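Novice: What follows is coords.cif; its format and atoms are mmCIF, C-alpha atoms (C1' of nucleotides).
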data_run
#
loop_
_atom_site.label_atom_id
_atom_site.label_comp_id
_atom_site.auth_asym_id
_atom_site.auth_seq_id
_atom_site.Cartn_x
_atom_site.Cartn_y
_atom_site.Cartn_z
CA MET Q 27 18.90 30.12 17.09
CA GLN Q 28 18.31 29.39 20.69
CA GLU Q 29 14.76 30.03 21.47
CA HIS Q 30 12.60 28.80 18.71
CA TYR Q 31 12.98 26.32 15.93
CA PRO Q 32 11.58 26.39 12.45
CA HIS Q 33 7.99 25.29 12.90
CA PRO Q 34 5.98 25.04 9.71
CA GLU Q 35 2.73 26.81 9.10
CA MET Q 36 -0.14 24.46 9.74
CA ALA Q 37 -1.68 25.32 6.38
CA GLU Q 38 1.38 23.99 4.63
CA VAL Q 39 1.35 20.65 6.32
CA GLN Q 40 -0.03 17.94 4.09
CA LEU Q 41 -1.87 14.86 5.20
CA PRO Q 42 0.54 12.29 3.74
CA GLU Q 43 3.35 14.05 5.52
CA VAL Q 44 1.59 13.70 8.85
CA LEU Q 45 0.76 10.07 8.24
CA HIS Q 46 4.33 9.41 7.32
CA ALA Q 47 5.54 11.04 10.48
CA LEU Q 48 3.23 8.80 12.47
CA SER Q 49 4.18 5.67 10.58
CA ASP Q 50 7.38 5.13 12.49
CA PRO Q 51 6.92 3.09 15.68
CA LEU Q 52 9.25 5.24 17.71
CA ARG Q 53 7.71 8.49 16.59
CA LEU Q 54 4.26 7.10 17.21
CA ARG Q 55 5.32 6.16 20.72
CA ILE Q 56 6.63 9.64 21.32
CA VAL Q 57 3.43 11.26 20.17
CA ALA Q 58 1.41 8.84 22.24
CA ALA Q 59 3.46 9.59 25.33
CA LEU Q 60 3.08 13.27 24.63
CA ALA Q 61 -0.67 12.94 24.39
CA ALA Q 62 -0.85 10.92 27.56
CA GLY Q 63 1.15 13.16 29.83
CA GLU Q 64 1.77 16.80 29.22
CA GLU Q 65 4.90 18.14 27.71
CA ARG Q 66 8.11 16.32 28.37
CA GLY Q 67 11.84 16.54 28.15
CA TRP Q 68 14.05 14.50 25.93
CA GLY Q 69 15.20 11.66 28.10
CA ASP Q 70 11.71 11.01 29.42
CA PHE Q 71 11.06 8.91 26.37
CA GLU Q 72 13.00 5.74 26.91
CA ALA Q 73 14.08 5.73 23.36
CA PRO Q 74 16.40 2.89 22.49
CA VAL Q 75 18.29 5.01 20.02
CA ALA Q 76 21.23 7.35 19.95
CA PRO Q 77 20.61 10.99 20.89
CA SER Q 78 21.24 12.07 17.35
CA THR Q 79 18.63 9.65 16.08
CA LEU Q 80 16.12 10.91 18.59
CA SER Q 81 16.85 14.43 17.53
CA HIS Q 82 16.21 13.45 13.96
CA HIS Q 83 12.83 11.97 14.79
CA MET Q 84 11.91 15.09 16.71
CA LYS Q 85 12.71 17.13 13.66
CA VAL Q 86 10.44 14.98 11.54
CA LEU Q 87 7.63 15.40 14.02
CA ARG Q 88 8.23 19.10 14.17
CA GLN Q 89 8.23 19.48 10.42
CA ALA Q 90 5.02 17.52 10.20
CA GLY Q 91 3.46 20.09 12.47
CA LEU Q 92 2.85 17.59 15.23
CA VAL Q 93 4.98 19.02 17.99
CA THR Q 94 6.61 22.19 19.21
CA HIS Q 95 10.00 22.58 20.78
CA ARG Q 96 10.85 24.97 23.51
CA ARG Q 97 14.08 25.37 25.32
CA GLU Q 98 14.02 25.36 29.06
CA GLY Q 99 17.54 25.87 30.19
CA THR Q 100 19.69 23.12 28.81
CA ARG Q 101 16.86 20.81 28.10
CA CYS Q 102 14.21 20.75 25.46
CA ILE Q 103 10.54 20.59 26.16
CA VAL Q 104 8.31 19.05 23.55
CA ALA Q 105 4.58 19.35 23.34
CA LEU Q 106 1.86 18.49 20.89
CA ARG Q 107 0.63 21.32 18.73
CA PRO Q 108 -3.01 22.02 19.49
CA GLU Q 109 -3.53 23.51 16.03
CA MET Q 110 -3.26 20.01 14.66
CA GLU Q 111 -6.83 19.41 15.68
CA ALA Q 112 -7.96 22.38 13.63
CA ARG Q 113 -5.94 21.35 10.60
CA PHE Q 114 -6.89 17.68 10.64
CA PRO Q 115 -9.85 17.31 12.96
CA GLY Q 116 -10.11 13.97 14.65
CA LEU Q 117 -7.02 12.51 13.05
CA LEU Q 118 -4.69 12.48 15.99
CA ALA Q 119 -7.43 11.32 18.33
CA ALA Q 120 -8.27 8.43 16.05
CA VAL Q 121 -4.67 7.35 15.69
CA LEU Q 122 -3.78 7.70 19.34
CA ARG Q 123 -6.78 5.77 20.48
CA LEU Q 124 -5.30 2.83 18.58
CA ALA Q 125 -1.67 3.37 19.37
CA PRO Q 126 -0.22 1.03 21.95
CA GLY Q 127 1.36 2.38 25.08
CA GLN Q 128 -0.50 5.41 26.30
CA SER Q 129 -1.57 3.37 29.27
CA ALA Q 130 -1.82 6.23 31.71
CA ALA Q 131 -4.40 8.55 30.28
CA MET T 17 -2.29 -19.30 -8.14
CA GLN T 18 -4.76 -17.33 -10.07
CA GLU T 19 -7.74 -16.64 -7.98
CA HIS T 20 -6.67 -15.25 -4.70
CA TYR T 21 -3.65 -13.35 -3.55
CA PRO T 22 -1.81 -13.48 -0.26
CA HIS T 23 -3.91 -11.37 2.06
CA PRO T 24 -2.55 -10.96 5.55
CA GLU T 25 -4.45 -11.80 8.69
CA MET T 26 -5.92 -8.67 10.16
CA ALA T 27 -4.48 -9.51 13.56
CA GLU T 28 -0.99 -9.38 12.12
CA VAL T 29 -1.36 -5.95 10.61
CA GLN T 30 0.32 -3.30 12.71
CA LEU T 31 -0.70 0.31 13.00
CA PRO T 32 2.53 1.86 11.71
CA GLU T 33 2.30 -0.35 8.67
CA VAL T 34 -1.18 0.92 7.88
CA LEU T 35 -0.15 4.52 8.40
CA HIS T 36 2.81 4.03 6.17
CA ALA T 37 0.63 2.54 3.46
CA LEU T 38 -1.60 5.60 3.68
CA SER T 39 1.28 8.03 3.71
CA ASP T 40 1.81 7.88 -0.02
CA PRO T 41 -0.30 10.38 -1.97
CA LEU T 42 -1.14 7.97 -4.73
CA ARG T 43 -2.11 5.18 -2.37
CA LEU T 44 -4.16 7.57 -0.32
CA ARG T 45 -5.98 8.64 -3.45
CA ILE T 46 -6.67 5.07 -4.35
CA VAL T 47 -8.10 4.28 -0.95
CA ALA T 48 -10.16 7.45 -1.01
CA ALA T 49 -11.57 6.58 -4.42
CA LEU T 50 -12.30 3.11 -3.17
CA ALA T 51 -14.15 4.45 -0.18
CA ALA T 52 -16.13 6.86 -2.30
CA GLY T 53 -17.37 4.46 -4.93
CA GLU T 54 -17.57 0.75 -4.51
CA GLU T 55 -15.01 -1.64 -5.81
CA ARG T 56 -13.15 -0.71 -8.94
CA GLY T 57 -10.95 -2.02 -11.66
CA TRP T 58 -7.40 -1.01 -12.31
CA GLY T 59 -7.67 1.69 -14.90
CA ASP T 60 -10.47 3.46 -13.08
CA PHE T 61 -7.90 5.20 -10.99
CA GLU T 62 -6.29 7.72 -13.23
CA ALA T 63 -2.94 6.92 -11.88
CA PRO T 64 -0.13 8.83 -13.55
CA VAL T 65 2.24 5.91 -13.19
CA ALA T 66 3.26 2.84 -15.10
CA PRO T 67 1.16 -0.29 -14.67
CA SER T 68 3.95 -2.00 -12.84
CA THR T 69 4.17 0.84 -10.36
CA LEU T 70 0.45 0.75 -9.79
CA SER T 71 0.65 -2.96 -9.20
CA HIS T 72 3.35 -2.35 -6.64
CA HIS T 73 1.21 0.14 -4.74
CA MET T 74 -1.68 -2.26 -4.77
CA LYS T 75 0.54 -4.85 -3.21
CA VAL T 76 1.50 -2.45 -0.45
CA LEU T 77 -2.14 -1.69 0.23
CA ARG T 78 -2.97 -5.37 0.20
CA GLN T 79 -0.19 -6.24 2.60
CA ALA T 80 -1.31 -3.49 4.93
CA GLY T 81 -4.68 -5.17 5.07
CA LEU T 82 -6.43 -2.24 3.46
CA VAL T 83 -7.74 -3.82 0.30
CA THR T 84 -8.65 -7.12 -1.28
CA HIS T 85 -8.03 -8.24 -4.81
CA ARG T 86 -10.32 -10.37 -6.81
CA ARG T 87 -9.98 -11.45 -10.36
CA GLU T 88 -12.87 -10.92 -12.66
CA GLY T 89 -11.88 -12.28 -16.01
CA THR T 90 -8.79 -10.49 -17.16
CA ARG T 91 -9.19 -7.54 -14.90
CA CYS T 92 -8.68 -7.06 -11.23
CA ILE T 93 -11.27 -5.76 -8.86
CA VAL T 94 -10.10 -4.03 -5.72
CA ALA T 95 -12.18 -3.27 -2.68
CA LEU T 96 -11.62 -2.01 0.81
CA ARG T 97 -11.47 -4.66 3.50
CA PRO T 98 -14.33 -4.17 5.91
CA GLU T 99 -12.41 -5.91 8.71
CA MET T 100 -10.22 -2.87 8.86
CA GLU T 101 -12.88 -1.15 10.88
CA ALA T 102 -12.80 -3.92 13.44
CA ARG T 103 -9.04 -3.94 13.65
CA PHE T 104 -8.56 -0.19 13.84
CA PRO T 105 -11.92 1.33 14.62
CA GLY T 106 -12.42 4.79 13.28
CA LEU T 107 -9.02 5.07 11.71
CA LEU T 108 -9.93 4.87 8.08
CA ALA T 109 -12.96 7.06 8.58
CA ALA T 110 -10.86 9.73 10.25
CA VAL T 111 -8.22 9.68 7.56
CA LEU T 112 -10.60 9.60 4.64
CA ARG T 113 -12.65 12.45 5.96
CA LEU T 114 -9.51 14.54 5.61
CA ALA T 115 -8.18 13.10 2.40
CA PRO T 116 -8.64 15.27 -0.67
CA GLY T 117 -10.52 13.99 -3.63
CA GLN T 118 -13.46 11.93 -2.48
CA SER T 119 -15.65 14.75 -3.64
CA ALA T 120 -18.49 12.60 -4.86
CA ALA T 121 -19.56 10.63 -1.84
"C1'" DG H 9 36.31 31.01 33.71
"C1'" DG H 10 35.95 26.12 33.14
"C1'" DC H 11 33.12 21.83 33.15
"C1'" DG H 12 29.46 18.72 32.55
"C1'" DT H 13 24.94 18.13 30.66
"C1'" DT H 14 21.95 18.31 26.76
"C1'" DG H 15 20.46 18.78 22.31
"C1'" DT H 16 21.91 19.74 17.25
"C1'" DT H 17 24.46 19.14 12.99
"C1'" DC H 18 27.44 16.62 9.84
"C1'" DG H 19 29.03 12.80 7.26
"C1'" DA H 20 28.48 8.09 6.43
"C1'" DC H 21 26.28 3.74 5.58
"C1'" DG H 22 22.90 0.16 4.84
"C1'" DA H 23 18.12 -0.66 4.03
"C1'" DC H 24 14.08 0.32 1.97
"C1'" DT H 25 11.00 2.70 -1.69
"C1'" DA H 26 9.09 4.51 -5.83
"C1'" DT H 27 9.70 4.38 -10.33
"C1'" DC H 28 10.36 2.47 -14.88
"C1'" DG H 29 10.69 -0.94 -19.02
"C1'" DA H 30 10.69 -5.47 -20.53
"C1'" DA H 31 9.34 -10.12 -20.08
"C1'" DT H 32 5.80 -13.46 -18.35
"C1'" DG H 33 1.40 -15.43 -17.39
"C1'" DA H 34 -3.77 -15.66 -17.29
"C1'" DC H 35 -7.86 -15.05 -19.53
"C1'" DC H 36 -11.33 -14.01 -23.35
"C1'" DA H 37 -12.70 -13.67 -28.08
"C1'" DT H 38 -12.11 -14.89 -32.56
"C1'" DA N 11 -4.87 -22.23 -31.83
"C1'" DT N 12 -3.86 -17.24 -32.16
"C1'" DG N 13 -3.85 -12.86 -30.72
"C1'" DG N 14 -5.01 -9.16 -27.66
"C1'" DT N 15 -5.77 -7.28 -23.13
"C1'" DC N 16 -4.72 -6.90 -18.49
"C1'" DA N 17 -2.11 -7.55 -14.39
"C1'" DT N 18 2.20 -9.46 -12.17
"C1'" DT N 19 7.07 -10.20 -11.70
"C1'" DC N 20 11.91 -9.16 -12.49
"C1'" DG N 21 15.94 -6.32 -12.75
"C1'" DA N 22 17.66 -1.85 -12.48
"C1'" DT N 23 18.11 2.82 -10.70
"C1'" DA N 24 17.73 6.97 -8.16
"C1'" DG N 25 16.10 8.85 -4.07
"C1'" DT N 26 14.77 8.78 0.77
"C1'" DC N 27 15.02 7.00 5.52
"C1'" DG N 28 16.74 5.35 9.98
"C1'" DT N 29 20.66 4.71 12.30
"C1'" DC N 30 25.08 5.71 14.23
"C1'" DG N 31 29.42 8.26 16.01
"C1'" DA N 32 31.87 12.38 16.28
"C1'" DA N 33 32.13 17.13 16.50
"C1'" DC N 34 29.83 21.33 17.91
"C1'" DA N 35 27.01 24.83 20.48
"C1'" DA N 36 24.12 26.56 24.39
"C1'" DC N 37 23.20 26.68 28.99
"C1'" DG N 38 23.66 26.20 34.08
"C1'" DC N 39 26.71 25.32 37.83
"C1'" DC N 40 30.73 25.32 40.53
#
Show me, as structure tokens, the structure contained in the file I just sent.
Specialist:
Amino acid sequence: MQEHYPHPEMAEVQLPEVLHALSDPLRLRIVAALAAGEERGWGDFEAPVAPSTLSHHMKVLRQAGLVTHRREGTRCIVALRPEMEARFPGLLAAVLRLAPGQSAA
Amino acid sequence: MQEHYPHPEMAEVQLPEVLHALSDPLRLRIVAALAAGEERGWGDFEAPVAPSTLSHHMKVLRQAGLVTHRREGTRCIVALRPEMEARFPGLLAAVLRLAPGQSAA
DNA sequence: GGCGTTGTTCGACGACTATCGAATGACCAT
DNA sequence: ATGGTCATTCGATAGTCGTCGAACAACGCC
């Protein structure tokens, strides 16, 4: 499996799952950074954790329907899933407006 | 102490903590019910859990700054904390609009 | 082809969480 | 005072979560 990862159907994503995914400070920071800039590679998040841990968090975000992964050569590009807005209108906007650290809009 | 419980200062409540409190289906249901009606007693939530478990969840919600407890005779009255709106504007509204089960507004 | 870079998976471990039952405490009514 | 009702606390338990290091796989480059 090199080109796309198991992304869940939006319809199957439940609200508590999304909230749980956002309830970790690191994951919240990642999503905030993603919303601020465009899509980004792995190391762009200055995550103070081991690569394996970061990978784990990405998986959680992916399974919660928040982000997509795409491979670009050796590196992974992550981006927010636009369908999130259709599934849970206003949610992400409301959370991110309150999340610290998306200084550069 | 019998009449008021340890409620945290709103300024000390962090966003991930609130999201985590809301990320449990039962707690989300409780908050939704609370937002729909006014304040309510314990048994009004048809919680399919033991009283001790319910009490635990209430504590989590209280510590996240989401609800207040008040004793009214032998029973406990719970209500949403209005200051939540000031601390995290729009958050609760956004989440509750999406939460299942606040049918009767 | 071989090597370094980059992300993933696996196994492990400690911390936290949700759940319960039983015991305790507060209050009201009798 | 006695008993009943309601919530809290305690101790226990099973499950999940975040974290790590090590091993692995994919890709581009030399």
Novice: Show me, as a list in words, the residues that have an atom within 9 Å of Q:Arg107 when counting only C-alpha atoms (C1' of nucleotides), minus same-chain residues fewer than 3 positions from it.
Specialist: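 Surrounding residues, per the criterion: Gly91, Leu92, Val93, Thr94, Met110 and Glu111 of chain Q.
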Novice: Keeping C-alpha atoms, export the residues of the selection given above as a compact mmCIF listing (two decimals), keeping the file's coordinate frame.
Specialist:
# COMPACT_ATOMS: atom_id res chain seq x y z
CA GLY Q 91 3.46 20.09 12.47
CA LEU Q 92 2.85 17.59 15.23
CA VAL Q 93 4.98 19.02 17.99
CA THR Q 94 6.61 22.19 19.21
CA MET Q 110 -3.26 20.01 14.66
CA GLU Q 111 -6.83 19.41 15.68
Novice: For the reference chain T, what are the coordinates of chain Q after least-squares fitting (all Cα, in-order pairing), as a CSV table (one decimal) with C-alpha atoms, in the coordinates of the input?
Specialist:
chain,number,residue,atom,x,y,z
Q,27,MET,CA,-2.3,-18.5,-8.3
Q,28,GLN,CA,-5.2,-17.1,-10.2
Q,29,GLU,CA,-8.0,-16.6,-7.8
Q,30,HIS,CA,-6.7,-15.2,-4.6
Q,31,TYR,CA,-3.7,-13.3,-3.5
Q,32,PRO,CA,-1.8,-13.5,-0.3
Q,33,HIS,CA,-3.9,-11.3,2.1
Q,34,PRO,CA,-2.5,-11.0,5.6
Q,35,GLU,CA,-4.4,-11.8,8.7
Q,36,MET,CA,-5.9,-8.7,10.2
Q,37,ALA,CA,-4.5,-9.5,13.6
Q,38,GLU,CA,-1.0,-9.4,12.1
Q,39,VAL,CA,-1.3,-6.0,10.6
Q,40,GLN,CA,0.4,-3.3,12.7
Q,41,LEU,CA,-0.7,0.3,13.0
Q,42,PRO,CA,2.6,1.8,11.7
Q,43,GLU,CA,2.3,-0.4,8.7
Q,44,VAL,CA,-1.2,0.9,7.9
Q,45,LEU,CA,-0.1,4.5,8.4
Q,46,HIS,CA,2.8,4.0,6.1
Q,47,ALA,CA,0.6,2.5,3.5
Q,48,LEU,CA,-1.6,5.6,3.7
Q,49,SER,CA,1.3,8.0,3.7
Q,50,ASP,CA,1.8,7.9,0.0
Q,51,PRO,CA,-0.3,10.4,-2.0
Q,52,LEU,CA,-1.2,8.0,-4.7
Q,53,ARG,CA,-2.1,5.2,-2.4
Q,54,LEU,CA,-4.2,7.6,-0.3
Q,55,ARG,CA,-6.0,8.6,-3.5
Q,56,ILE,CA,-6.7,5.1,-4.4
Q,57,VAL,CA,-8.1,4.3,-0.9
Q,58,ALA,CA,-10.2,7.4,-1.0
Q,59,ALA,CA,-11.6,6.6,-4.4
Q,60,LEU,CA,-12.3,3.1,-3.2
Q,61,ALA,CA,-14.2,4.4,-0.2
Q,62,ALA,CA,-16.1,6.8,-2.3
Q,63,GLY,CA,-17.4,4.5,-5.0
Q,64,GLU,CA,-17.6,0.8,-4.5
Q,65,GLU,CA,-15.0,-1.6,-5.8
Q,66,ARG,CA,-13.2,-0.7,-9.0
Q,67,GLY,CA,-10.9,-2.0,-11.7
Q,68,TRP,CA,-7.4,-1.0,-12.2
Q,69,GLY,CA,-7.6,1.6,-14.9
Q,70,ASP,CA,-10.4,3.4,-13.1
Q,71,PHE,CA,-7.8,5.2,-11.0
Q,72,GLU,CA,-6.2,7.7,-13.3
Q,73,ALA,CA,-2.9,6.9,-11.9
Q,74,PRO,CA,-0.1,8.8,-13.5
Q,75,VAL,CA,2.3,5.9,-13.1
Q,76,ALA,CA,3.4,2.9,-15.0
Q,77,PRO,CA,1.3,-0.3,-14.6
Q,78,SER,CA,4.0,-2.0,-12.8
Q,79,THR,CA,4.2,0.9,-10.3
Q,80,LEU,CA,0.5,0.8,-9.8
Q,81,SER,CA,0.7,-2.9,-9.2
Q,82,HIS,CA,3.4,-2.3,-6.6
Q,83,HIS,CA,1.2,0.2,-4.7
Q,84,MET,CA,-1.7,-2.3,-4.8
Q,85,LYS,CA,0.5,-4.9,-3.2
Q,86,VAL,CA,1.5,-2.5,-0.4
Q,87,LEU,CA,-2.2,-1.7,0.2
Q,88,ARG,CA,-3.0,-5.4,0.2
Q,89,GLN,CA,-0.2,-6.2,2.6
Q,90,ALA,CA,-1.3,-3.5,4.9
Q,91,GLY,CA,-4.7,-5.2,5.1
Q,92,LEU,CA,-6.5,-2.2,3.5
Q,93,VAL,CA,-7.8,-3.8,0.3
Q,94,THR,CA,-8.7,-7.1,-1.3
Q,95,HIS,CA,-8.0,-8.3,-4.8
Q,96,ARG,CA,-10.3,-10.4,-6.8
Q,97,ARG,CA,-10.0,-11.4,-10.4
Q,98,GLU,CA,-12.9,-10.9,-12.7
Q,99,GLY,CA,-11.9,-12.2,-16.0
Q,100,THR,CA,-8.8,-10.4,-17.2
Q,101,ARG,CA,-9.2,-7.5,-14.9
Q,102,CYS,CA,-8.7,-7.1,-11.2
Q,103,ILE,CA,-11.3,-5.8,-8.8
Q,104,VAL,CA,-10.1,-4.0,-5.7
Q,105,ALA,CA,-12.2,-3.3,-2.7
Q,106,LEU,CA,-11.6,-2.0,0.8
Q,107,ARG,CA,-11.5,-4.7,3.5
Q,108,PRO,CA,-14.3,-4.2,5.9
Q,109,GLU,CA,-12.4,-5.9,8.7
Q,110,MET,CA,-10.2,-2.9,8.9
Q,111,GLU,CA,-12.9,-1.1,10.9
Q,112,ALA,CA,-12.8,-3.9,13.4
Q,113,ARG,CA,-9.0,-3.9,13.6
Q,114,PHE,CA,-8.5,-0.2,13.8
Q,115,PRO,CA,-11.9,1.3,14.6
Q,116,GLY,CA,-12.4,4.8,13.3
Q,117,LEU,CA,-9.0,5.1,11.7
Q,118,LEU,CA,-9.9,4.9,8.1
Q,119,ALA,CA,-12.9,7.1,8.6
Q,120,ALA,CA,-10.8,9.7,10.2
Q,121,VAL,CA,-8.2,9.7,7.5
Q,122,LEU,CA,-10.6,9.6,4.6
Q,123,ARG,CA,-12.6,12.4,5.9
Q,124,LEU,CA,-9.5,14.5,5.6
Q,125,ALA,CA,-8.2,13.1,2.4
Q,126,PRO,CA,-8.6,15.3,-0.7
Q,127,GLY,CA,-10.5,14.0,-3.7
Q,128,GLN,CA,-13.4,11.8,-2.6
Q,129,SER,CA,-15.7,14.4,-3.9
Q,130,ALA,CA,-18.5,12.1,-4.8
Q,131,ALA,CA,-19.6,10.5,-1.6
Novice: Got a sec to resolve the PyMOL selection byres ((chain N) within 12 of (chain Q)) on this structure and send the residues as a PyMOL selection string?
Specialist: chain N and resi 27-32+35-39
Novice: Within 9 Å of stretch 12-22 of chain N, counting only C-alpha atoms (C1' of nucleotides), which residues qualify if same-chain residues fewer than 6 places away don't, as a compact mmCIF listing (two decimals) with C-alpha atoms (C1' of nucleotides), in the coordinates of the input?
Specialist:
# COMPACT_ATOMS: atom_id res chain seq x y z
CA TRP T 58 -7.40 -1.01 -12.31
CA PRO T 67 1.16 -0.29 -14.67
CA SER T 68 3.95 -2.00 -12.84
CA SER T 71 0.65 -2.96 -9.20
CA THR T 90 -8.79 -10.49 -17.16
CA ARG T 91 -9.19 -7.54 -14.90
CA CYS T 92 -8.68 -7.06 -11.23
C1' DC H 28 10.36 2.47 -14.88
C1' DA H 30 10.69 -5.47 -20.53
C1' DA H 31 9.34 -10.12 -20.08
C1' DT H 32 5.80 -13.46 -18.35
C1' DG H 33 1.40 -15.43 -17.39
C1' DA H 34 -3.77 -15.66 -17.29
C1' DC H 35 -7.86 -15.05 -19.53
C1' DC H 36 -11.33 -14.01 -23.35
C1' DA H 37 -12.70 -13.67 -28.08
C1' DT H 38 -12.11 -14.89 -32.56
Novice: Which residues fall under the PyMOL selection byres ((chain Q and resi 45) around 7) in this file, as a ChimeraX atom specification?
Specialist: /Q:41-44,46-49 /T:35-36,38-39
Novice: Might you pull out every residue within 12 Å of N:DT26, with only C-alpha atoms (C1' of nucleotides) counted and same-chain residues fewer than 4 positions away left off, and present them as a list in words?
Specialist: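 With the cut-off at 12 Å, the set is DA23, DC24, DT25 and DA26 of chain H.
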Novice: Using the chain letters and numbering of this document, enumerate as a count of residues only the residues selected by the PyMOL selection byres ((chain H) within 9 of (chain Q)).
Specialist: 5
Novice: Tell me, in Å to one decimal, how far atom CA of Q:Arg96 is from atom CA of Q:Pro74.
Specialist: 22.8 Å
Novice: Which residue gives the smallest distance to Q:Glu38 among Q:Arg55, Q:Arg66, Q:Arg113, Q:Lys85, with all atoms listed in the file counted?
Specialist: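 Closest residue, counting all atoms listed in the file: Q:Arg113.
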Novice: Out of T:Gln79, T:Leu42, T:Pro98, T:Leu50, which residue has the shortest atom-to-atom distance to chain Q when counting all atoms listed in the file?
Specialist: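 Closest to chain Q of all the choices is T:Leu42.
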